[in-house]
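S.K.: If it helps, the file is called model21.txt and holds compact mmCIF, C-alpha atoms:
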```txt
# COMPACT_ATOMS: atom_id res chain seq x y z
CA GLU L 278 81.84 15.76 -41.73
CA THR L 279 84.52 15.23 -44.29
CA GLY L 280 85.95 17.25 -47.15
CA VAL L 281 84.98 20.86 -47.74
CA THR L 282 81.61 22.18 -46.61
CA GLN L 283 79.92 25.46 -47.47
CA THR L 284 76.93 27.22 -45.95
CA PRO L 285 74.45 28.36 -46.93
CA ARG L 286 73.91 26.42 -50.14
CA HIS L 287 71.54 29.06 -51.50
CA LEU L 288 71.27 32.74 -50.64
CA VAL L 289 69.02 35.48 -51.95
CA MET L 290 69.83 39.00 -50.81
CA GLY L 291 68.97 42.57 -51.60
CA MET L 292 71.54 45.11 -52.66
CA THR L 293 71.54 46.76 -49.23
CA ASN L 294 71.88 43.56 -47.20
CA LYS L 295 74.97 42.26 -45.42
CA LYS L 296 75.53 38.53 -45.41
CA SER L 297 78.41 36.08 -44.99
CA LEU L 298 79.35 32.85 -46.72
CA LYS L 299 81.11 30.19 -44.68
CA CYS L 300 83.55 27.51 -45.73
CA GLU L 301 85.07 24.81 -43.57
CA GLN L 302 87.65 22.22 -44.57
CA HIS L 303 88.18 19.01 -42.64
CA LEU L 304 91.26 17.89 -44.56
CA GLY L 305 94.08 19.52 -42.59
CA HIS L 306 95.10 21.63 -45.57
CA ASN L 307 97.17 24.80 -45.35
CA ALA L 308 95.59 26.82 -48.15
CA MET L 309 92.03 27.93 -48.86
CA TYR L 310 90.50 29.72 -51.81
CA TRP L 311 87.38 31.57 -52.92
CA TYR L 312 86.33 31.26 -56.57
CA LYS L 313 83.43 32.85 -58.44
CA GLN L 314 81.61 31.03 -61.21
CA SER L 315 79.31 33.16 -63.35
CA ALA L 316 77.21 31.89 -66.20
CA LYS L 317 79.21 31.24 -69.37
CA LYS L 318 82.51 32.41 -67.84
CA PRO L 319 85.44 30.39 -66.53
CA LEU L 320 85.88 29.94 -62.82
CA GLU L 321 87.60 33.07 -61.48
CA LEU L 322 89.90 33.13 -58.50
CA MET L 323 88.96 35.75 -55.89
CA PHE L 324 91.14 35.22 -52.82
CA VAL L 325 93.86 32.87 -51.58
CA TYR L 326 94.90 32.24 -47.99
CA ASN L 327 98.05 30.32 -47.11
CA PHE L 328 98.50 29.50 -43.42
CA LYS L 329 95.72 32.04 -42.64
CA GLU L 330 97.53 34.85 -44.45
CA GLN L 331 95.99 36.36 -47.54
CA THR L 332 98.44 35.89 -50.38
CA GLU L 333 96.27 36.83 -53.32
CA ASN L 334 93.50 39.30 -53.96
CA ASN L 335 92.57 39.02 -57.59
CA SER L 336 91.35 42.63 -58.02
CA VAL L 337 88.12 41.87 -56.22
CA PRO L 338 85.84 44.81 -55.36
CA SER L 339 85.83 45.85 -51.72
CA ARG L 340 82.18 44.86 -51.34
CA PHE L 341 83.61 41.34 -50.98
CA SER L 342 85.62 40.96 -47.76
CA PRO L 343 87.33 37.66 -46.88
CA GLU L 344 88.21 36.49 -43.41
CA CYS L 345 90.31 33.48 -42.40
CA PRO L 346 90.31 33.10 -38.60
CA ASN L 347 92.17 29.77 -38.72
CA SER L 348 93.41 27.30 -41.29
CA SER L 349 90.11 25.37 -41.29
CA HIS L 350 87.64 28.21 -41.76
CA LEU L 351 87.14 30.80 -44.44
CA PHE L 352 84.44 33.44 -44.68
CA LEU L 353 83.33 35.78 -47.43
CA HIS L 354 81.51 38.83 -46.10
CA LEU L 355 79.17 40.50 -48.55
CA HIS L 356 77.76 44.02 -48.46
CA THR L 357 76.07 46.35 -50.94
CA LEU L 358 76.32 43.81 -53.73
CA GLN L 359 75.16 44.35 -57.29
CA PRO L 360 72.89 42.07 -59.36
CA GLU L 361 75.90 41.14 -61.52
CA ASP L 362 77.47 39.58 -58.43
CA SER L 363 74.91 36.79 -58.66
CA ALA L 364 76.92 33.60 -59.20
CA LEU L 365 78.03 30.31 -57.70
CA TYR L 366 80.72 30.95 -55.08
CA LEU L 367 83.03 28.03 -54.57
CA CYS L 368 85.48 27.42 -51.77
CA ALA L 369 88.45 25.11 -52.14
CA SER L 370 91.40 23.91 -50.09
CA SER L 371 94.73 22.31 -50.83
CA GLN L 372 98.00 21.30 -49.27
CA THR L 373 101.33 22.42 -50.67
CA GLY L 374 102.81 19.41 -52.46
CA THR L 375 106.19 17.83 -51.82
CA SER L 376 107.53 19.54 -54.95
CA GLY L 377 106.68 22.90 -53.44
CA GLY L 378 103.84 23.34 -55.83
CA PRO L 379 100.15 22.90 -55.22
CA ASP L 380 98.57 19.55 -54.60
CA THR L 381 95.04 18.61 -55.61
CA GLN L 382 92.43 21.24 -54.82
CA TYR L 383 89.26 20.01 -53.17
CA PHE L 384 86.12 22.00 -53.72
CA GLY L 385 83.03 22.55 -51.65
CA PRO L 386 79.53 22.30 -53.15
CA GLY L 387 79.26 26.06 -53.54
CA THR L 388 76.80 28.75 -52.49
CA ARG L 389 74.35 29.87 -55.17
CA LEU L 390 73.99 33.62 -54.60
CA THR L 391 71.22 35.72 -56.13
CA VAL L 392 71.32 39.50 -55.66
CA LEU L 393 68.02 41.25 -56.28
CA LYS Q 161 99.29 35.53 -68.25
CA GLN Q 162 98.22 31.89 -68.28
CA GLU Q 163 95.17 31.11 -70.41
CA VAL Q 164 93.41 27.76 -70.64
CA THR Q 165 91.25 26.75 -73.59
CA GLN Q 166 89.02 23.72 -73.85
CA ILE Q 167 87.67 22.23 -77.03
CA PRO Q 168 84.95 21.37 -77.78
CA ALA Q 169 82.67 23.56 -75.68
CA ALA Q 170 79.95 20.92 -75.84
CA LEU Q 171 79.80 17.31 -76.95
CA SER Q 172 76.95 14.84 -77.31
CA VAL Q 173 77.69 11.15 -77.86
CA PRO Q 174 75.76 7.87 -77.72
CA GLU Q 175 76.38 5.58 -74.80
CA GLY Q 176 79.38 3.28 -75.20
CA GLU Q 177 81.51 5.59 -77.31
CA ASN Q 178 85.08 6.43 -76.45
CA LEU Q 179 85.75 10.16 -76.46
CA VAL Q 180 88.51 12.71 -76.05
CA LEU Q 181 88.32 16.13 -74.45
CA ASN Q 182 91.04 18.65 -75.20
CA CYS Q 183 92.73 21.28 -73.07
CA SER Q 184 95.48 23.71 -74.05
CA PHE Q 185 97.41 26.22 -71.96
CA THR Q 186 99.65 29.11 -72.99
CA ASP Q 187 102.42 28.97 -70.35
CA SER Q 188 104.13 25.59 -70.17
CA ALA Q 189 105.82 26.39 -66.82
CA ILE Q 190 103.28 24.49 -64.74
CA TYR Q 191 103.55 22.38 -61.60
CA ASN Q 192 100.70 20.13 -62.62
CA LEU Q 193 97.40 19.98 -64.47
CA GLN Q 194 94.11 18.97 -62.97
CA TRP Q 195 90.89 17.68 -64.51
CA PHE Q 196 87.61 18.24 -62.69
CA ARG Q 197 84.02 17.23 -63.18
CA GLN Q 198 81.12 19.55 -62.34
CA ASP Q 199 77.50 18.48 -62.25
CA PRO Q 200 74.88 21.20 -62.82
CA GLY Q 201 74.70 23.64 -59.92
CA LYS Q 202 77.23 21.66 -57.92
CA GLY Q 203 80.83 22.02 -56.85
CA LEU Q 204 83.84 20.49 -58.55
CA THR Q 205 85.06 16.95 -58.13
CA SER Q 206 88.72 16.30 -58.81
CA LEU Q 207 89.19 13.50 -61.35
CA LEU Q 208 92.89 13.37 -62.10
CA LEU Q 209 96.00 15.40 -61.32
CA ILE Q 210 99.05 15.02 -63.53
CA GLN Q 211 102.37 16.29 -62.22
CA SER Q 212 104.56 18.19 -64.68
CA SER Q 213 107.02 15.27 -64.71
CA GLN Q 214 104.33 12.78 -65.73
CA ARG Q 215 102.92 12.07 -69.14
CA GLU Q 216 99.65 10.42 -68.13
CA GLN Q 217 97.41 9.35 -65.29
CA THR Q 218 94.66 6.76 -65.24
CA SER Q 219 91.65 6.28 -63.01
CA GLY Q 220 89.15 3.63 -64.04
CA ARG Q 221 87.75 4.53 -67.46
CA LEU Q 222 89.52 7.89 -67.45
CA ASN Q 223 92.97 8.55 -68.84
CA ALA Q 224 94.57 11.98 -68.88
CA SER Q 225 97.71 12.80 -70.83
CA LEU Q 226 100.01 15.79 -70.59
CA ASP Q 227 102.37 17.22 -73.20
CA LYS Q 228 103.90 20.14 -71.36
CA SER Q 229 106.11 21.33 -74.19
CA SER Q 230 103.19 21.79 -76.54
CA GLY Q 231 100.87 23.06 -73.80
CA ARG Q 232 98.26 20.35 -74.23
CA SER Q 233 96.36 17.80 -72.22
CA THR Q 234 93.66 15.33 -73.21
CA LEU Q 235 91.08 13.50 -71.13
CA TYR Q 236 90.07 10.17 -72.64
CA ILE Q 237 86.85 8.57 -71.46
CA ALA Q 238 86.35 4.96 -72.43
CA ALA Q 239 82.98 3.29 -72.91
CA SER Q 240 81.01 6.40 -71.97
CA GLN Q 241 77.89 6.08 -69.81
CA PRO Q 242 74.92 8.43 -69.21
CA GLY Q 243 76.31 9.01 -65.70
CA ASP Q 244 79.37 10.63 -67.28
CA SER Q 245 77.20 13.55 -68.41
CA ALA Q 246 78.64 16.67 -66.77
CA THR Q 247 80.93 19.59 -67.48
CA TYR Q 248 84.62 18.70 -67.51
CA LEU Q 249 87.07 21.40 -66.50
CA CYS Q 250 90.79 21.58 -66.98
CA ALA Q 251 92.92 23.78 -64.69
CA VAL Q 252 96.57 24.66 -64.15
CA PRO Q 253 98.23 26.54 -61.29
CA VAL Q 254 99.43 30.06 -61.88
CA PRO Q 255 103.21 29.83 -62.37
CA GLY Q 256 104.95 30.53 -59.09
CA ASN Q 257 101.73 30.43 -57.14
CA THR Q 258 98.99 28.08 -56.05
CA PRO Q 259 95.67 29.35 -57.50
CA LEU Q 260 94.19 27.60 -60.48
CA VAL Q 261 93.39 29.03 -63.88
CA PHE Q 262 90.41 27.24 -65.40
CA GLY Q 263 89.17 26.67 -68.89
CA LYS Q 264 85.49 27.26 -69.67
CA GLY Q 265 84.89 23.53 -69.70
CA THR Q 266 83.42 20.96 -72.05
CA ARG Q 267 79.77 20.11 -71.45
CA LEU Q 268 79.35 16.39 -72.15
CA SER Q 269 76.04 14.65 -72.75
CA VAL Q 270 76.01 10.86 -73.07
CA ILE Q 271 72.76 9.66 -74.59
CA ALA Q 272 71.37 6.27 -73.55
```
Can you dump the structure from the file as structure tokens?

M.R.:
Amino acid sequence: ETGVTQTPRHLVMGMTNKKSLKCEQHLGHNAMYWYKQSAKKPLELMFVYNFKEQTENNSVPSRFSPECPNSSHLFLHLHTLQPEDSALYLCASSQTGTSGGPDTQYFGPGTRLTVL
Amino acid sequence: KQEVTQIPAALSVPEGENLVLNCSFTDSAIYNLQWFRQDPGKGLTSLLLIQSSQREQTSGRLNASLDKSSGRSTLYIAASQPGDSATYLCAVPVPGNTPLVFGKGTRLSVIA
């Protein structure tokens, strides 16, 4: 496979369930991201990992727990979510550019999450 | 705090028209600016990335310009086609960091 893949593509869960979203990048990048896209709101950054180290946590509630075991894989563990957490969760990866700034971000297809 | 605004929020044009989508950002200290396309319920596809030292980038029928000093970028689509129908998003990195700040997007419909 090429690019950025995400599984599952769709997920329906109850408020008491525990589930995990998976992202894998096949591009050799050194940074990975989780974004949340809710209806009628801009894409919101959740977490950033550079070289497997979390460098940004954008005030995300603790019911979302990221894990980055290596530079190619990123997980988002979910527990006791609320209905307002229903959204499209997008994973992305990038490589630090030669200028020291970010290069193009490549996005996965997303996981459509519905919390009942 | 960087904020990105896109105008218009929605646009409907007949096939064949040339059109311009607008993006503005509040902090001009950016590394680059990126334009994405998003089809309904799908992920984002990168269209063009303009480095801060560049003024424009072209890819096929798409041309993106950047005026860093005024905090503006435009995406020009020539000879629009129904397949261009999608939401177009503009994004800039947070100054001093790598995450992207996105606008709300422009939803484009090209009518055959």

S.K.: Got a sec to pull out which chain Q residues are within 12 Å of chain L, counting all atoms listed in the file, and send them as a PyMOL selection string?

M.R.: chain Q and resi 163-166+169+189-213+247-267

S.K.: Would you compute the distance between atom CA of Ser349 of chain L and atom CA of Leu298 of chain L? Give it in Å to one decimal.

M.R.: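 Those two atoms sit 14.2 Å apart.
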
S.K.: Quick check, in Å to one decimal: how far apart do atom CA of Ala239 of chain Q and atom CA of Leu179 of chain Q lie?

M.R.: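 Taking atom CA of Ala239 of chain Q as the start and atom CA of Leu179 of chain Q as the end point, the length is 8.2 Å.
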
S.K.: What's the 10 Å shell around Gly243 of chain Q, counting all atoms listed in the file, without same-chain residues fewer than 5 positions away, as a PyMOL selection string?

M.R.: chain Q and resi 175+269-272

S.K.: Using Å and a single decimal, report how far atom CA of Pro360 of chain L sits from atom CA of Gly291 of chain L.

M.R.: 8.7 Å
